[in-house]
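Below: the structure, in structure tokens.
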Amino acid sequence: KGQTRITKRGRKKLRALLFRVCMILVAKNSAFKALHTYYTQRSDNPLKKMQSLIALCNKLIRILFAIGKKQFEFSEEKMLKDIPYMAVSENVKIAG
């Protein structure tokens with residue numbers, strides 16, 4: 001009771017493809033790597049590694065939908081500004 005679980009709802013092949021893409025993004029992309037680190041190491045409600053990857057899969061599908069619908073270019077800064085901690089660390093990097 002009260003614990004979140006990863007469900008196996010939705011298209012099986014699409015979920016598998018998204019998961020494989022997220023694994024590569026966490027390894028190679030600095031923004032996704034920073035988000036994964038934040039999700040797994042935050043002080044309040046840290047996620048397990050698999051939960052973090054699934055959260056990143058959800059974020060990726062939203063990004064892809066926005067890119068397709070509104071014809072935006074992907075911006076790491078725009079993606080990270082939603083999280084207050086990440087926005088502060090980006091401002092420190094820019095100022096420093």
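Chain lettering (A, B, ...) mirrors the order of the structure tokens, residue numbering begins at 1 for each chain separately, and ligand numbering begins at 1 in order of display.
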message: Could you go through chain A and tell me which residues DSSP, when run on the backbone, assigns to helix (DSSP H, G or I), listing them as a PyMOL selection string?
response: chain A and resi 12-28+30-41+49-70+76-80+84-95
Closest-contact table, range 38-64 of chain A side, partner range 18-22 of chain A, 8 Å, counting only C-alpha atoms, as CSV:
residue,atom,partner,partner_atom,distance
A:Leu53,CA,A:Cys22,CA,6.6
A:Ile54,CA,A:Phe19,CA,7.1
A:Leu56,CA,A:Cys22,CA,6.7
A:Cys57,CA,A:Leu18,CA,5.9
A:Leu60,CA,A:Cys22,CA,7.8
A:Ile61,CA,A:Leu18,CA,7.9
Those residues you just picked out, can you put them in a file as a CSV table (one decimal), in the first residue's frame with all heavy atoms?
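This is the output file out15.csv:
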chain,number,residue,atom,x,y,z
A,53,LEU,N,14.4,6.4,-14.7
A,53,LEU,CA,14.5,6.2,-16.2
A,53,LEU,C,13.1,6.2,-16.8
A,53,LEU,O,12.9,6.8,-17.9
A,53,LEU,CB,15.1,4.8,-16.5
A,53,LEU,CG,16.6,4.8,-16.3
A,53,LEU,CD1,17.1,3.3,-16.4
A,53,LEU,CD2,17.3,5.7,-17.2
A,54,ILE,N,12.1,5.7,-16.1
A,54,ILE,CA,10.7,5.8,-16.6
A,54,ILE,C,10.2,7.2,-16.6
A,54,ILE,O,9.5,7.7,-17.6
A,54,ILE,CB,9.8,4.9,-15.8
A,54,ILE,CG1,10.2,3.4,-15.9
A,54,ILE,CG2,8.3,5.0,-16.3
A,54,ILE,CD1,10.3,2.8,-17.3
A,56,LEU,N,12.1,9.8,-17.1
A,56,LEU,CA,12.8,10.4,-18.2
A,56,LEU,C,12.2,10.0,-19.5
A,56,LEU,O,12.1,10.7,-20.5
A,56,LEU,CB,14.3,10.1,-18.1
A,56,LEU,CG,15.0,10.7,-17.0
A,56,LEU,CD1,16.5,10.2,-17.0
A,56,LEU,CD2,15.0,12.2,-17.1
A,57,CYS,N,11.7,8.7,-19.6
A,57,CYS,CA,10.9,8.3,-20.8
A,57,CYS,C,9.7,9.1,-21.0
A,57,CYS,O,9.4,9.6,-22.1
A,57,CYS,CB,10.5,6.8,-20.7
A,57,CYS,SG,11.9,5.7,-20.8
A,60,LEU,N,10.8,12.5,-22.2
A,60,LEU,CA,11.2,12.4,-23.6
A,60,LEU,C,10.0,12.4,-24.6
A,60,LEU,O,10.1,13.1,-25.6
A,60,LEU,CB,12.1,11.2,-23.9
A,60,LEU,CG,12.5,10.9,-25.3
A,60,LEU,CD1,13.5,12.0,-25.8
A,60,LEU,CD2,13.2,9.5,-25.4
A,61,ILE,N,9.0,11.6,-24.3
A,61,ILE,CA,7.9,11.6,-25.1
A,61,ILE,C,7.2,12.9,-25.2
A,61,ILE,O,6.7,13.3,-26.3
A,61,ILE,CB,6.9,10.4,-24.7
A,61,ILE,CG1,5.9,10.1,-25.9
A,61,ILE,CG2,6.1,10.8,-23.6
A,61,ILE,CD1,6.4,9.1,-26.8
- prompt: Please, what distance in Å, to one decimal, runs between CA of Gly68 in chain A and CA of Leu35 in chain A?
  reply: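 Spanning CA of Gly68 in chain A to CA of Leu35 in chain A is a straight-line distance of 22.5 Å.
If only C-alpha atoms are the atoms counted, then among A:Lys59, A:Thr7, A:Met23, A:Gln41 the closest residue to Met79 in chain A is A:Lys59.
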- prompt: Thr37 in chain A: which residues within 10 Å, counting only C-alpha atoms, same-chain residues fewer than 6 positions away excluded, as number ranges by chain?
  reply: A: 26, 31, 46-47, 49, 52
